[in-house]
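Visitor: Dropping in query38.cif, which is mmCIF, C-alpha atoms:
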```cif
data_input
#
loop_
_atom_site.label_atom_id
_atom_site.label_comp_id
_atom_site.auth_asym_id
_atom_site.auth_seq_id
_atom_site.Cartn_x
_atom_site.Cartn_y
_atom_site.Cartn_z
CA MET E 143 -13.63 -128.65 16.43
CA ARG E 144 -13.43 -125.09 15.04
CA ARG E 145 -9.62 -125.25 15.28
CA ILE E 146 -9.57 -128.51 13.32
CA ILE E 147 -11.84 -127.07 10.62
CA LEU E 148 -9.74 -123.90 10.42
CA THR E 149 -6.53 -125.92 10.13
CA VAL E 150 -8.01 -128.04 7.32
CA MET E 151 -9.14 -124.88 5.47
CA ILE E 152 -5.69 -123.30 5.77
CA MET E 153 -4.07 -126.51 4.47
CA SER E 154 -6.53 -126.60 1.58
CA PHE E 155 -5.86 -122.98 0.59
CA SER E 156 -2.14 -123.65 0.84
CA PHE E 157 -2.47 -126.67 -1.44
CA PHE E 158 -4.49 -124.82 -4.05
CA GLY E 159 -2.11 -121.86 -3.84
CA GLU E 160 0.83 -124.11 -4.57
CA ALA E 161 -1.06 -125.88 -7.35
CA GLN E 162 -1.45 -122.55 -9.16
CA THR E 163 2.35 -122.14 -9.35
CA ILE E 164 3.09 -125.52 -10.93
CA LYS E 165 5.44 -125.08 -13.88
CA THR E 166 5.53 -127.16 -17.03
CA PRO E 167 7.94 -126.81 -19.98
CA ALA E 168 6.78 -125.06 -23.11
CA ALA E 169 6.26 -127.18 -26.19
CA SER E 170 8.84 -125.01 -27.98
CA LEU E 171 11.56 -123.76 -25.66
CA LYS E 172 12.74 -120.17 -26.00
CA SER E 173 16.38 -119.51 -26.73
CA LYS E 174 18.42 -116.30 -26.58
CA VAL E 175 21.89 -116.31 -28.12
CA GLU E 176 24.50 -113.56 -27.96
CA GLN E 177 27.55 -113.87 -30.19
CA MET E 178 30.42 -111.52 -30.91
CA VAL E 179 31.44 -111.55 -34.57
CA GLY E 180 34.71 -109.67 -34.94
CA LEU E 181 33.88 -106.56 -32.91
CA THR E 182 30.12 -106.63 -33.57
CA ASP E 183 27.51 -107.94 -31.14
CA VAL E 184 24.85 -110.16 -32.72
CA GLU E 185 21.86 -111.33 -30.66
CA TYR E 186 18.93 -113.47 -31.73
CA VAL E 187 15.88 -114.78 -29.88
CA TYR E 188 13.66 -117.63 -31.07
CA SER E 189 11.57 -120.60 -29.94
CA ARG E 190 12.67 -124.13 -30.82
CA PRO E 191 9.99 -126.61 -31.92
CA ASN E 192 10.81 -130.33 -32.08
CA LYS E 193 10.32 -132.69 -35.00
CA LYS E 194 8.44 -135.37 -32.99
CA GLY E 195 8.30 -137.73 -35.96
CA ARG E 196 6.52 -135.21 -38.17
CA VAL E 197 7.23 -134.20 -41.76
CA ILE E 198 8.73 -130.74 -41.31
CA PHE E 199 9.42 -128.90 -44.54
CA GLY E 200 6.61 -129.33 -47.00
CA GLY E 201 4.45 -130.56 -44.10
CA LEU E 202 4.41 -128.77 -40.73
CA VAL E 203 6.18 -125.84 -42.41
CA PRO E 204 4.55 -125.44 -45.84
CA TYR E 205 6.67 -124.65 -48.86
CA GLY E 206 6.28 -121.22 -50.41
CA GLN E 207 4.76 -119.51 -47.35
CA ILE E 208 6.24 -116.97 -44.94
CA TRP E 209 7.42 -118.73 -41.78
CA ARG E 210 8.16 -117.11 -38.42
CA THR E 211 11.37 -119.22 -38.42
CA GLY E 212 10.60 -120.92 -35.15
CA ALA E 213 7.51 -121.04 -32.96
CA ASN E 214 5.39 -118.65 -30.88
CA GLU E 215 6.62 -115.05 -31.17
CA ASN E 216 8.46 -114.12 -34.32
CA THR E 217 12.19 -114.73 -34.32
CA THR E 218 14.27 -111.56 -33.90
CA ILE E 219 17.89 -110.68 -34.61
CA LYS E 220 19.78 -107.61 -33.45
CA PHE E 221 23.06 -106.18 -34.79
CA GLY E 222 25.28 -103.89 -32.71
CA ASP E 223 26.77 -102.27 -35.84
CA ASP E 224 25.84 -101.87 -39.47
CA VAL E 225 26.44 -105.22 -41.19
CA GLU E 226 26.30 -106.46 -44.76
CA ILE E 227 24.34 -109.41 -46.13
CA ASP E 228 24.44 -110.32 -49.81
CA GLY E 229 25.98 -106.93 -50.62
CA ILE E 230 23.19 -105.01 -48.84
CA THR E 231 23.98 -102.82 -45.84
CA ILE E 232 21.75 -103.57 -42.86
CA PRO E 233 21.68 -100.67 -40.35
CA LYS E 234 22.37 -101.65 -36.76
CA GLY E 235 19.20 -102.45 -34.84
CA LYS E 236 16.62 -105.18 -34.22
CA TYR E 237 14.66 -107.00 -36.91
CA ALA E 238 12.13 -109.79 -37.24
CA LEU E 239 13.64 -112.72 -39.10
CA TYR E 240 11.29 -114.52 -41.48
CA THR E 241 11.92 -117.16 -44.10
CA ILE E 242 10.09 -118.68 -47.05
CA PRO E 243 11.23 -122.32 -47.27
CA ARG E 244 11.15 -124.19 -50.56
CA GLU E 245 12.52 -127.60 -51.41
CA ASP E 246 15.74 -126.36 -53.05
CA GLU E 247 16.11 -122.82 -51.69
CA TRP E 248 14.92 -120.42 -48.99
CA ASP E 249 14.21 -116.72 -48.95
CA ILE E 250 15.73 -115.01 -45.90
CA ILE E 251 13.84 -111.87 -44.88
CA LEU E 252 14.64 -109.14 -42.36
CA TYR E 253 11.56 -107.12 -41.43
CA SER E 254 11.82 -103.75 -39.68
CA ASP E 255 8.81 -104.34 -37.39
CA SER E 256 10.10 -106.82 -34.81
CA GLU E 257 7.14 -106.69 -32.39
CA ASN E 258 4.81 -109.32 -33.82
CA TRP E 259 3.38 -112.62 -32.72
CA GLY E 260 4.36 -114.81 -35.62
CA VAL E 261 3.73 -113.45 -39.11
CA PRO E 262 2.04 -110.00 -39.17
CA GLU E 263 -1.61 -110.01 -40.21
CA ASN E 264 -0.90 -107.04 -42.46
CA TRP E 265 2.35 -107.83 -44.23
CA GLU E 266 3.93 -104.58 -45.49
CA GLU E 267 6.47 -104.86 -48.29
CA ASN E 268 7.99 -101.48 -47.41
CA LYS E 269 9.14 -102.93 -44.08
CA ILE E 270 11.35 -105.51 -45.78
CA VAL E 271 14.96 -104.47 -45.14
CA LEU E 272 16.48 -107.55 -46.76
CA LYS E 273 15.27 -110.39 -48.92
CA THR E 274 17.86 -112.79 -50.25
CA THR E 275 17.68 -116.34 -51.58
CA VAL E 276 20.04 -119.11 -50.46
CA PRO E 277 20.30 -122.80 -51.41
CA VAL E 278 19.19 -125.71 -49.22
CA LYS E 279 21.81 -128.21 -48.09
CA LYS E 280 20.87 -131.69 -46.94
CA VAL E 281 22.42 -133.25 -43.84
CA GLU E 282 22.63 -136.98 -43.15
CA GLU E 283 21.60 -136.97 -39.50
CA SER E 284 18.10 -135.76 -38.62
CA ILE E 285 18.12 -132.80 -36.20
CA GLU E 286 15.28 -133.07 -33.68
CA SER E 287 15.14 -129.46 -32.41
CA PHE E 288 15.03 -126.46 -34.73
CA THR E 289 18.35 -124.67 -34.36
CA ILE E 290 19.67 -121.27 -35.37
CA GLY E 291 23.43 -120.92 -35.01
CA ILE E 292 26.25 -118.55 -35.85
CA ASN E 293 29.25 -120.55 -37.06
CA ASN E 294 32.35 -120.35 -39.26
CA LEU E 295 33.42 -117.28 -37.34
CA SER E 296 36.22 -115.02 -38.57
CA ASP E 297 37.26 -111.47 -37.74
CA ASN E 298 35.15 -110.14 -40.58
CA SER E 299 32.23 -112.52 -41.08
CA ALA E 300 30.16 -115.48 -39.90
CA GLN E 301 27.50 -117.84 -41.21
CA LEU E 302 23.97 -117.56 -39.82
CA GLN E 303 22.68 -121.13 -40.04
CA PHE E 304 19.22 -122.70 -39.84
CA LEU E 305 19.07 -126.44 -39.11
CA TRP E 306 16.11 -128.78 -38.68
CA ASP E 307 15.33 -132.34 -39.68
CA GLN E 308 17.75 -133.00 -42.55
CA THR E 309 17.87 -129.43 -43.82
CA ARG E 310 20.60 -126.82 -43.41
CA VAL E 311 20.42 -123.29 -44.77
CA GLU E 312 23.01 -120.58 -44.20
CA VAL E 313 23.61 -116.96 -45.07
CA LYS E 314 26.84 -115.00 -44.68
CA ILE E 315 26.99 -111.90 -42.47
CA ASP E 316 29.88 -109.47 -43.05
CA VAL E 317 30.83 -107.20 -40.15
CA PRO E 318 32.85 -103.93 -40.22
CA THR E 319 35.70 -105.11 -37.98
CA GLN E 320 38.45 -103.34 -39.88
CA LYS E 321 36.56 -100.05 -39.91
CA ILE E 322 35.89 -100.23 -36.16
CA ALA E 323 39.45 -101.31 -35.34
CA ASN E 324 41.01 -98.58 -37.50
CA ALA E 325 38.83 -95.92 -35.87
CA SER E 326 39.85 -97.22 -32.44
CA ILE E 327 43.53 -97.22 -33.37
CA GLU E 328 43.39 -93.70 -34.79
CA GLY E 329 41.56 -92.42 -31.74
CA ILE E 330 43.90 -93.97 -29.19
CA LEU E 331 47.18 -93.32 -30.98
CA SER E 332 46.26 -89.68 -31.56
CA ASN E 333 46.61 -89.26 -27.80
CA PRO E 334 50.20 -88.21 -26.97
CA ASN E 335 49.95 -90.33 -23.81
CA ALA E 336 49.27 -93.58 -25.68
CA ASP E 337 51.33 -96.32 -24.03
CA ALA E 338 53.51 -99.10 -25.42
CA ASN E 339 50.72 -101.67 -25.23
CA ALA E 340 48.51 -99.54 -27.47
CA TYR E 341 51.25 -99.27 -30.11
CA TYR E 342 52.01 -102.99 -29.83
CA ALA E 343 48.34 -103.99 -30.18
CA SER E 344 47.94 -101.71 -33.21
CA ALA E 345 51.03 -103.12 -34.91
CA ASN E 346 49.94 -106.68 -34.18
CA TYR E 347 46.44 -106.06 -35.58
CA TYR E 348 47.85 -104.63 -38.81
CA LEU E 349 50.21 -107.61 -39.09
CA GLN E 350 47.40 -110.13 -38.62
CA SER E 351 44.88 -108.32 -40.82
CA GLY E 352 47.21 -107.40 -43.67
CA GLY E 353 47.28 -103.68 -42.99
CA ASP E 354 49.96 -101.13 -43.92
CA MET E 355 53.23 -102.78 -42.81
CA LYS E 356 55.13 -99.47 -42.81
CA LYS E 357 52.69 -98.07 -40.27
CA ALA E 358 52.91 -101.31 -38.31
CA LEU E 359 56.72 -101.07 -38.21
CA ASN E 360 56.55 -97.47 -36.97
CA TRP E 361 54.12 -98.49 -34.25
CA ILE E 362 56.14 -101.47 -33.00
CA ASN E 363 59.28 -99.34 -32.99
CA ARG E 364 57.42 -96.74 -30.92
CA ALA E 365 56.26 -99.48 -28.53
CA ILE E 366 59.86 -100.70 -28.12
CA ASP E 367 61.09 -97.13 -27.52
CA LEU E 368 58.45 -96.55 -24.84
CA LYS E 369 59.63 -99.68 -23.00
CA GLN E 370 63.05 -98.00 -22.69
CA GLY E 371 65.24 -101.05 -23.19
CA SER E 372 63.00 -103.54 -21.40
CA SER E 373 60.87 -104.63 -24.34
CA PRO E 374 59.24 -108.07 -23.96
CA TYR E 375 60.49 -110.73 -26.37
CA TRP E 376 57.05 -110.90 -28.01
CA TYR E 377 57.48 -107.28 -29.13
CA PHE E 378 60.59 -108.28 -31.09
CA ARG E 379 58.78 -111.34 -32.46
CA ILE E 380 56.12 -109.07 -33.97
CA LYS E 381 58.77 -106.68 -35.27
CA SER E 382 60.62 -109.54 -36.99
CA GLN E 383 57.44 -110.68 -38.76
CA ILE E 384 56.66 -107.15 -39.95
CA GLN E 385 60.21 -106.69 -41.24
CA ALA E 386 59.97 -110.00 -43.09
CA LYS E 387 56.75 -108.89 -44.78
CA LEU E 388 58.51 -105.69 -45.86
CA GLY E 389 61.34 -107.77 -47.36
CA ASP E 390 63.95 -106.77 -44.77
CA LEU E 391 65.12 -110.27 -43.87
CA LYS E 392 68.39 -109.13 -42.28
CA GLY E 393 66.46 -106.84 -39.96
CA ALA E 394 63.93 -109.60 -39.32
CA ILE E 395 66.71 -112.00 -38.26
CA GLU E 396 68.20 -109.40 -35.89
CA SER E 397 64.80 -108.83 -34.26
CA ALA E 398 64.10 -112.57 -34.07
CA GLU E 399 67.45 -113.14 -32.36
CA LYS E 400 66.52 -110.57 -29.71
CA SER E 401 63.16 -112.27 -29.25
CA LEU E 402 64.89 -115.67 -29.02
CA GLU E 403 67.28 -114.39 -26.36
CA GLY E 404 64.39 -113.11 -24.24
CA ALA E 405 62.39 -116.29 -24.71
CA GLN E 406 65.34 -118.42 -23.64
CA LYS E 407 65.76 -116.37 -20.45
CA GLU E 408 62.07 -116.84 -19.63
CA GLY E 409 62.03 -120.48 -20.73
CA ASN E 410 59.20 -119.97 -23.20
CA LYS E 411 59.50 -123.01 -25.46
CA ASP E 412 56.83 -121.83 -27.94
CA TYR E 413 58.66 -118.60 -28.68
CA ILE E 414 62.02 -120.37 -28.72
CA ASP E 415 60.71 -122.70 -31.43
CA LEU E 416 58.98 -119.91 -33.39
CA ASN E 417 62.08 -117.73 -33.50
CA THR E 418 64.51 -120.60 -34.14
CA ASN E 419 62.46 -121.81 -37.10
CA ALA E 420 61.98 -118.29 -38.50
CA ILE E 421 65.69 -117.47 -38.28
CA LYS E 422 66.57 -120.73 -40.03
CA GLU E 423 64.03 -120.08 -42.80
CA TRP E 424 65.08 -116.47 -43.39
CA LYS E 425 68.79 -117.32 -43.45
CA LYS E 426 68.07 -120.05 -46.00
CA ILE E 427 66.23 -117.53 -48.22
CA LEU E 428 69.12 -115.05 -47.98
CA LYS E 429 71.58 -117.69 -49.15
CA THR E 430 69.60 -118.49 -52.30
#
```
Show me the file's structure as structure tokens.
Guide:
Amino acid sequence: MRRIILTVMIMSFSFFGEAQTIKTPAASLKSKVEQMVGLTDVEYVYSRPNKKGRVIFGGLVPYGQIWRTGANENTTIKFGDDVEIDGITIPKGKYALYTIPREDEWDIILYSDSENWGVPENWEENKIVLKTTVPVKKVEESIESFTIGINNLSDNSAQLQFLWDQTRVEVKIDVPTQKIANASIEGILSNPNADANAYYASANYYLQSGGDMKKALNWINRAIDLKQGSSPYWYFRIKSQIQAKLGDLKGAIESAEKSLEGAQKEGNKDYIDLNTNAIKEWKKILKT
């Protein structure tokens, strides 16, 4: 009998122990997003409430009042480098992200104290790092879950977007990609042991970003020299494009023909087409 009682007690304790670990989803699920913009890391953390048939802006989220821009803890955003928003430099670091929604426009606020639960009880104006006003855009389809996204990415900027119900708000973030890339190039190419790939990558970046084409030509020539006669056909493709930008179409055609020859040997149809079309275009220009 004692064994039976003991067994029942152990089973009961086990049941209650398991019951204490039951998990249920939060009403507003937490989200952490990491996004590279150019060469800058951007990370934001927020909780995502749902519409659930409610009136959101002007109802659940009152107009004209500071909003935590989500639920539960305040929303935070962290920048890996100094960035620029609305012409204002934001030092790298972590900030609380608040907003003041209105029917036609929102205020976007970055607040230096990021360790709050919701809106601080003692709001301090001197902790506002940024306050900018952006227009509200209406969307046709109602969005159930509050969403913060980083979209319209380019090497130098992105749009930080807020979407909920039929409202979309966005603010542009400019990142210092060119400054970081130039510092990296200068640092690496100052090393006498810099290899062909470093010179090629530097020349290609300047070509794509509209940098100094004379420097780019010097770098691609150095890359070709370091390959000692075994330069890949994509090296000559880049060289031809740089020469064309400098107005040296004869030189560009010669480089493109070398790239075409290498691409044909390797059977790379994309490069065959790119070089064939470029040569045809440049020869046509020279004839006019």
Visitor: Please write the residues picked by the PyMOL selection byres ((chain E and resi 298-305) around 9) on this file as a PyMOL selection string.
Guide: chain E and resi 179-181+211+281+285+287-297+306-320
Visitor: Taking all atoms listed in the file into account, name the residue in E:Asn363, E:Glu408, E:Asp228, E:Pro243 that is nearest to Gly201 of chain E.
Guide: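 Using all atoms listed in the file, the shortest distance to Gly201 of chain E belongs to E:Pro243.
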Visitor: Tell me which of E:Gly235, E:Gly212, E:Gly353, E:Gly229 sits closest to Asp183 of chain E, counting all atoms listed in the file.
Guide: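 Checking each of E:Gly235, E:Gly212, E:Gly353, E:Gly229 against Asp183 of chain E, counting all atoms listed in the file, the winner is E:Gly235.
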Visitor: Suppose a student applies the PyMOL selection byres ((chain E and resi 269) around 8) to this structure; what residues should they get, written as a ChimeraX atom specification?
Guide: /E:253-255,266-268,270-271
Visitor: So that all listed atoms of segment 366-374 of chain E fit with 6 Å spare on each side, what axis-aligned box centre and edge lengths in Å, to one decimal, would you give as lines of an AutoDock Vina configuration file?
Guide:
```
center_x = 61.8
center_y = -102.3
center_z = -24.8
size_x = 18.8
size_y = 23.5
size_z = 18.7
```
